[in-house]
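Heads up: the structure comes next, in structure tokens.
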Amino acid sequence: MIEADQGKLYDELKQYIDTVKSKPGILISVLHKAQGLFGYLPVEVQKFIAMQLNLPFSQVYGVVTFYNFFSMKPKGKHVINVCLGTACYVKGAEKVVTNFEDALHIKMGETTSDKMFTLSSARCFGACGLAPAVMVDDEVYGQVDKKKIGEIIKKYGG
Ligand code: FES
């Protein structure tokens, strides 16, 4: 991303912080907003937030690393969340992970070199009847097998 764009994102984040600053316990909302703007939460952005909210950097960093929906690494255009909840696990979620890793040539938690896909894991997203289930962005796919994995990757442009 070019620097001018980054500047605009920081401006927008600052405007948001200024409107919510006085509310207590606002850090999580600010981090969500920042991740929405930047796509992830690099250390520089966390430092900026700490400064704006008058918080120690360690507190911001602690929250970012505690919750797995915050990411310090850039994510791909599409995030593939493989459910590792109990129902999906017993129906072969581990195999689904391996098949995605093989098909995308990345490991769990990584992003493809063309930045199209990030492979991530999740705990039950309420589609247990469809186990093993996978969520790509906001869409849920059930009974995921090797064939379906190929179709999913193709659909999203892999
Ligand atoms: S355990 Fe996977 S959707 Fe519930």
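In the structure tokens, chains take the letters A, B, ... in the order shown, each chain's residues start at 1, and ligands count up from 1 in the order shown.
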With a cut-off of 9 Å, could you pull out the residues of chain A touching ligand 1 and give me the nearest pair of atoms for each, distance in Å to one decimal, using only C-alpha atoms and all ligand atoms, ordered by chain and ascending number, as JSON lines?
{"residue": "A:Val82", "atom": "CA", "partner": "ligand 1", "partner_atom_place_in_ligand_line": "2 (Fe)", "distance": 8.1}
{"residue": "A:Cys83", "atom": "CA", "partner": "ligand 1", "partner_atom_place_in_ligand_line": "2 (Fe)", "distance": 4.7}
{"residue": "A:Leu84", "atom": "CA", "partner": "ligand 1", "partner_atom_place_in_ligand_line": "2 (Fe)", "distance": 6.0}
{"residue": "A:Gly85", "atom": "CA", "partner": "ligand 1", "partner_atom_place_in_ligand_line": "1 (S)", "distance": 3.7}
{"residue": "A:Thr86", "atom": "CA", "partner": "ligand 1", "partner_atom_place_in_ligand_line": "1 (S)", "distance": 4.9}
{"residue": "A:Ala87", "atom": "CA", "partner": "ligand 1", "partner_atom_place_in_ligand_line": "1 (S)", "distance": 4.1}
{"residue": "A:Cys88", "atom": "CA", "partner": "ligand 1", "partner_atom_place_in_ligand_line": "2 (Fe)", "distance": 4.3}
{"residue": "A:Tyr89", "atom": "CA", "partner": "ligand 1", "partner_atom_place_in_ligand_line": "1 (S)", "distance": 7.0}
{"residue": "A:Val90", "atom": "CA", "partner": "ligand 1", "partner_atom_place_in_ligand_line": "1 (S)", "distance": 8.8}
{"residue": "A:Ala93", "atom": "CA", "partner": "ligand 1", "partner_atom_place_in_ligand_line": "2 (Fe)", "distance": 8.3}
{"residue": "A:Ala122", "atom": "CA", "partner": "ligand 1", "partner_atom_place_in_ligand_line": "2 (Fe)", "distance": 8.1}
{"residue": "A:Arg123", "atom": "CA", "partner": "ligand 1", "partner_atom_place_in_ligand_line": "2 (Fe)", "distance": 6.5}
{"residue": "A:Cys124", "atom": "CA", "partner": "ligand 1", "partner_atom_place_in_ligand_line": "4 (Fe)", "distance": 3.6}
{"residue": "A:Phe125", "atom": "CA", "partner": "ligand 1", "partner_atom_place_in_ligand_line": "3 (S)", "distance": 4.5}
{"residue": "A:Gly126", "atom": "CA", "partner": "ligand 1", "partner_atom_place_in_ligand_line": "3 (S)", "distance": 4.6}
{"residue": "A:Ala127", "atom": "CA", "partner": "ligand 1", "partner_atom_place_in_ligand_line": "3 (S)", "distance": 3.9}
{"residue": "A:Cys128", "atom": "CA", "partner": "ligand 1", "partner_atom_place_in_ligand_line": "4 (Fe)", "distance": 3.6}
{"residue": "A:Gly129", "atom": "CA", "partner": "ligand 1", "partner_atom_place_in_ligand_line": "3 (S)", "distance": 7.3}
{"residue": "A:Leu130", "atom": "CA", "partner": "ligand 1", "partner_atom_place_in_ligand_line": "3 (S)", "distance": 7.0}
{"residue": "A:Ala131", "atom": "CA", "partner": "ligand 1", "partner_atom_place_in_ligand_line": "2 (Fe)", "distance": 5.7}
{"residue": "A:Pro132", "atom": "CA", "partner": "ligand 1", "partner_atom_place_in_ligand_line": "2 (Fe)", "distance": 6.2}
{"residue": "A:Ala133", "atom": "CA", "partner": "ligand 1", "partner_atom_place_in_ligand_line": "2 (Fe)", "distance": 5.5}
{"residue": "A:Val134", "atom": "CA", "partner": "ligand 1", "partner_atom_place_in_ligand_line": "2 (Fe)", "distance": 7.8}
{"residue": "A:Gly142", "atom": "CA", "partner": "ligand 1", "partner_atom_place_in_ligand_line": "3 (S)", "distance": 8.7}
Let me see the file: selected residues, N, CA and C atoms, as a PDB file, in the first residue's frame.
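Generated output (again35.pdb):
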ATOM      1  N   VAL A  82     -11.394 -22.979   8.860  1.00  0.00           N
ATOM      2  CA  VAL A  82     -11.788 -24.377   8.999  1.00  0.00           C
ATOM      3  C   VAL A  82     -12.224 -24.584  10.444  1.00  0.00           C
ATOM      4  N   CYS A  83     -13.446 -25.076  10.625  1.00  0.00           N
ATOM      5  CA  CYS A  83     -13.937 -25.286  11.987  1.00  0.00           C
ATOM      6  C   CYS A  83     -13.240 -26.483  12.627  1.00  0.00           C
ATOM      7  N   LEU A  84     -12.698 -26.249  13.821  1.00  0.00           N
ATOM      8  CA  LEU A  84     -12.071 -27.349  14.568  1.00  0.00           C
ATOM      9  C   LEU A  84     -12.868 -27.655  15.831  1.00  0.00           C
ATOM     10  N   GLY A  85     -14.132 -27.253  15.826  1.00  0.00           N
ATOM     11  CA  GLY A  85     -15.022 -27.579  16.952  1.00  0.00           C
ATOM     12  C   GLY A  85     -15.265 -29.082  16.995  1.00  0.00           C
ATOM     13  N   THR A  86     -15.846 -29.542  18.091  1.00  0.00           N
ATOM     14  CA  THR A  86     -15.966 -30.993  18.311  1.00  0.00           C
ATOM     15  C   THR A  86     -16.674 -31.727  17.171  1.00  0.00           C
ATOM     16  N   ALA A  87     -17.842 -31.235  16.767  1.00  0.00           N
ATOM     17  CA  ALA A  87     -18.612 -31.938  15.733  1.00  0.00           C
ATOM     18  C   ALA A  87     -17.817 -32.043  14.431  1.00  0.00           C
ATOM     19  N   CYS A  88     -17.139 -30.967  14.088  1.00  0.00           N
ATOM     20  CA  CYS A  88     -16.352 -30.979  12.847  1.00  0.00           C
ATOM     21  C   CYS A  88     -15.103 -31.836  13.011  1.00  0.00           C
ATOM     22  N   TYR A  89     -14.546 -31.784  14.205  1.00  0.00           N
ATOM     23  CA  TYR A  89     -13.322 -32.552  14.462  1.00  0.00           C
ATOM     24  C   TYR A  89     -13.582 -34.049  14.275  1.00  0.00           C
ATOM     25  N   VAL A  90     -14.692 -34.529  14.859  1.00  0.00           N
ATOM     26  CA  VAL A  90     -14.964 -35.968  14.740  1.00  0.00           C
ATOM     27  C   VAL A  90     -15.328 -36.357  13.305  1.00  0.00           C
ATOM     28  N   ALA A  93     -12.190 -32.827  10.474  1.00  0.00           N
ATOM     29  CA  ALA A  93     -11.708 -31.460  10.224  1.00  0.00           C
ATOM     30  C   ALA A  93     -10.189 -31.406   9.992  1.00  0.00           C
ATOM     31  N   ALA A 122     -11.180 -22.057  13.285  1.00  0.00           N
ATOM     32  CA  ALA A 122     -12.209 -21.434  14.120  1.00  0.00           C
ATOM     33  C   ALA A 122     -12.797 -22.490  15.024  1.00  0.00           C
ATOM     34  N   ARG A 123     -13.494 -22.040  16.046  1.00  0.00           N
ATOM     35  CA  ARG A 123     -14.261 -22.954  16.900  1.00  0.00           C
ATOM     36  C   ARG A 123     -15.698 -22.837  16.431  1.00  0.00           C
ATOM     37  N   CYS A 124     -16.450 -23.860  16.573  1.00  0.00           N
ATOM     38  CA  CYS A 124     -17.849 -23.950  16.151  1.00  0.00           C
ATOM     39  C   CYS A 124     -18.505 -22.633  15.731  1.00  0.00           C
ATOM     40  N   PHE A 125     -18.957 -22.573  14.481  1.00  0.00           N
ATOM     41  CA  PHE A 125     -19.745 -21.404  14.097  1.00  0.00           C
ATOM     42  C   PHE A 125     -21.207 -21.770  13.875  1.00  0.00           C
ATOM     43  N   GLY A 126     -21.661 -22.766  14.598  1.00  0.00           N
ATOM     44  CA  GLY A 126     -23.084 -23.082  14.640  1.00  0.00           C
ATOM     45  C   GLY A 126     -23.615 -23.817  13.428  1.00  0.00           C
ATOM     46  N   ALA A 127     -22.744 -24.460  12.678  1.00  0.00           N
ATOM     47  CA  ALA A 127     -23.203 -25.215  11.511  1.00  0.00           C
ATOM     48  C   ALA A 127     -22.837 -26.682  11.696  1.00  0.00           C
ATOM     49  N   CYS A 128     -22.931 -27.153  12.946  1.00  0.00           N
ATOM     50  CA  CYS A 128     -22.462 -28.503  13.285  1.00  0.00           C
ATOM     51  C   CYS A 128     -23.149 -29.591  12.453  1.00  0.00           C
ATOM     52  N   GLY A 129     -24.419 -29.367  12.086  1.00  0.00           N
ATOM     53  CA  GLY A 129     -25.149 -30.329  11.265  1.00  0.00           C
ATOM     54  C   GLY A 129     -24.504 -30.513   9.903  1.00  0.00           C
ATOM     55  N   LEU A 130     -23.674 -29.582   9.505  1.00  0.00           N
ATOM     56  CA  LEU A 130     -23.023 -29.634   8.192  1.00  0.00           C
ATOM     57  C   LEU A 130     -21.571 -30.120   8.294  1.00  0.00           C
ATOM     58  N   ALA A 131     -21.184 -30.581   9.473  1.00  0.00           N
ATOM     59  CA  ALA A 131     -19.780 -30.952   9.707  1.00  0.00           C
ATOM     60  C   ALA A 131     -19.240 -31.951   8.669  1.00  0.00           C
ATOM     61  N   PRO A 132     -17.998 -31.831   8.255  1.00  0.00           N
ATOM     62  CA  PRO A 132     -17.067 -30.769   8.636  1.00  0.00           C
ATOM     63  C   PRO A 132     -17.351 -29.481   7.864  1.00  0.00           C
ATOM     64  N   ALA A 133     -17.362 -28.379   8.596  1.00  0.00           N
ATOM     65  CA  ALA A 133     -17.750 -27.109   7.989  1.00  0.00           C
ATOM     66  C   ALA A 133     -16.567 -26.148   7.855  1.00  0.00           C
ATOM     67  N   VAL A 134     -16.710 -25.284   6.865  1.00  0.00           N
ATOM     68  CA  VAL A 134     -15.676 -24.294   6.572  1.00  0.00           C
ATOM     69  C   VAL A 134     -16.380 -22.980   6.293  1.00  0.00           C
ATOM     70  N   GLY A 142     -20.635 -26.782   3.926  1.00  0.00           N
ATOM     71  CA  GLY A 142     -20.717 -27.979   4.749  1.00  0.00           C
ATOM     72  C   GLY A 142     -20.252 -29.218   4.024  1.00  0.00           C
TER      73      GLY A 142
END
As a compact mmCIF listing (two decimals) with C-alpha atoms, in the first residue's frame, list the residues of stretch 23-118 of chain A assigned to helix (DSSP H, G or I) by DSSP on the backbone atoms of this structure.
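Output saved as result_0.txt:
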# COMPACT_ATOMS: atom_id res chain seq x y z
CA LEU A 27 -9.97 -0.27 23.14
CA ILE A 28 -11.55 -3.36 21.54
CA SER A 29 -13.83 -1.23 19.33
CA VAL A 30 -10.87 0.89 18.25
CA LEU A 31 -8.88 -2.23 17.39
CA HIS A 32 -11.79 -3.59 15.34
CA LYS A 33 -12.04 -0.31 13.49
CA ALA A 34 -8.28 -0.27 12.85
CA GLN A 35 -8.25 -3.85 11.61
CA GLY A 36 -11.15 -3.02 9.29
CA LEU A 37 -9.20 -0.10 7.87
CA PHE A 38 -5.70 -1.59 7.63
CA VAL A 43 2.93 -2.77 15.63
CA GLU A 44 3.02 0.81 14.25
CA VAL A 45 -0.79 0.93 14.26
CA GLN A 46 -0.91 -0.46 17.79
CA LYS A 47 1.57 2.20 18.93
CA PHE A 48 -0.56 4.89 17.30
CA ILE A 49 -3.67 3.61 19.11
CA ALA A 50 -1.82 3.43 22.44
CA MET A 51 -0.68 7.02 22.03
CA GLN A 52 -4.13 8.28 21.02
CA LEU A 53 -5.87 6.52 23.91
CA PHE A 57 1.63 -0.06 24.38
CA SER A 58 1.88 -3.32 26.37
CA GLN A 59 -1.85 -3.13 27.12
CA VAL A 60 -2.79 -2.72 23.46
CA TYR A 61 -0.39 -5.46 22.40
CA GLY A 62 -1.74 -7.73 25.14
CA VAL A 63 -5.30 -7.40 23.85
CA VAL A 64 -4.28 -7.90 20.19
CA THR A 65 -2.40 -11.09 20.98
CA PHE A 66 -5.07 -12.42 23.34
CA THR A 86 -15.97 -30.99 18.31
CA ALA A 87 -18.61 -31.94 15.73
CA CYS A 88 -16.35 -30.98 12.85
CA TYR A 89 -13.32 -32.55 14.46
CA VAL A 90 -14.96 -35.97 14.74
CA ALA A 93 -11.71 -31.46 10.22
CA GLU A 94 -8.01 -32.29 10.50
CA LYS A 95 -8.11 -33.87 7.05
CA VAL A 96 -9.86 -30.77 5.73
CA VAL A 97 -6.99 -28.66 7.09
CA THR A 98 -4.39 -30.93 5.45
CA ASN A 99 -6.25 -30.86 2.14
CA PHE A 100 -6.43 -27.07 2.15
CA GLU A 101 -2.75 -26.85 3.09
CA ASP A 102 -1.82 -29.16 0.21
CA ALA A 103 -4.06 -27.37 -2.29
CA LEU A 104 -2.87 -23.88 -1.34
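Among the candidates A:Ile26, A:Tyr156, A:Met135, A:Asp145, the one nearest to A:Lys77 when counting only C-alpha atoms is A:Tyr156.
If only C-alpha atoms are the atoms counted, then among A:Asn81, A:Lys107, A:Glu151, A:Tyr141 the closest residue to A:Ser120 is A:Asn81.
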List every residue of chain A that DSSP, applied to the backbone of this structure, places in strand (DSSP E), and write the result as a PyMOL selection string. chain A and resi 78-83+117-122+134-136+139-141
File of the preceding selection, N, CA and C atoms, as a short mmCIF file (atom, residue, chain, number, x, y, z; two decimals), in the first residue's frame:
data_model
loop_
_atom_site.label_atom_id
_atom_site.label_comp_id
_atom_site.auth_asym_id
_atom_site.auth_seq_id
_atom_site.Cartn_x
_atom_site.Cartn_y
_atom_site.Cartn_z
N HIS A 78 -9.33 -13.48 0.75
CA HIS A 78 -10.36 -14.36 1.32
C HIS A 78 -9.77 -15.14 2.49
N VAL A 79 -10.53 -15.17 3.59
CA VAL A 79 -10.07 -15.92 4.75
C VAL A 79 -10.88 -17.21 4.85
N ILE A 80 -10.16 -18.32 4.81
CA ILE A 80 -10.79 -19.64 4.91
C ILE A 80 -10.67 -20.09 6.36
N ASN A 81 -11.79 -20.18 7.06
CA ASN A 81 -11.79 -20.63 8.44
C ASN A 81 -12.27 -22.08 8.49
N VAL A 82 -11.39 -22.98 8.86
CA VAL A 82 -11.79 -24.38 9.00
C VAL A 82 -12.22 -24.58 10.44
N CYS A 83 -13.45 -25.08 10.63
CA CYS A 83 -13.94 -25.29 11.99
C CYS A 83 -13.24 -26.48 12.63
N PHE A 117 -5.54 -16.02 -0.39
CA PHE A 117 -6.15 -16.80 0.69
C PHE A 117 -5.32 -16.81 1.96
N THR A 118 -6.02 -16.71 3.09
CA THR A 118 -5.40 -16.97 4.39
C THR A 118 -6.11 -18.18 4.96
N LEU A 119 -5.34 -19.13 5.45
CA LEU A 119 -5.94 -20.33 6.04
C LEU A 119 -5.93 -20.18 7.56
N SER A 120 -7.12 -20.27 8.13
CA SER A 120 -7.26 -20.01 9.55
C SER A 120 -8.17 -21.08 10.16
N SER A 121 -8.19 -21.15 11.48
CA SER A 121 -9.08 -22.12 12.12
C SER A 121 -10.08 -21.39 13.00
N ALA A 122 -11.18 -22.06 13.28
CA ALA A 122 -12.21 -21.43 14.12
C ALA A 122 -12.80 -22.49 15.02
N VAL A 134 -16.71 -25.28 6.87
CA VAL A 134 -15.68 -24.29 6.57
C VAL A 134 -16.38 -22.98 6.29
N MET A 135 -15.80 -21.89 6.71
CA MET A 135 -16.40 -20.59 6.43
C MET A 135 -15.39 -19.80 5.60
N VAL A 136 -15.82 -19.35 4.43
CA VAL A 136 -14.95 -18.52 3.61
C VAL A 136 -15.56 -17.12 3.62
N GLU A 139 -19.37 -16.82 4.16
CA GLU A 139 -20.17 -17.91 3.64
C GLU A 139 -19.76 -19.27 4.21
N VAL A 140 -20.77 -20.05 4.60
CA VAL A 140 -20.49 -21.36 5.22
C VAL A 140 -20.63 -22.47 4.18
N TYR A 141 -19.70 -23.42 4.22
CA TYR A 141 -19.74 -24.59 3.35
C TYR A 141 -19.73 -25.82 4.24
#
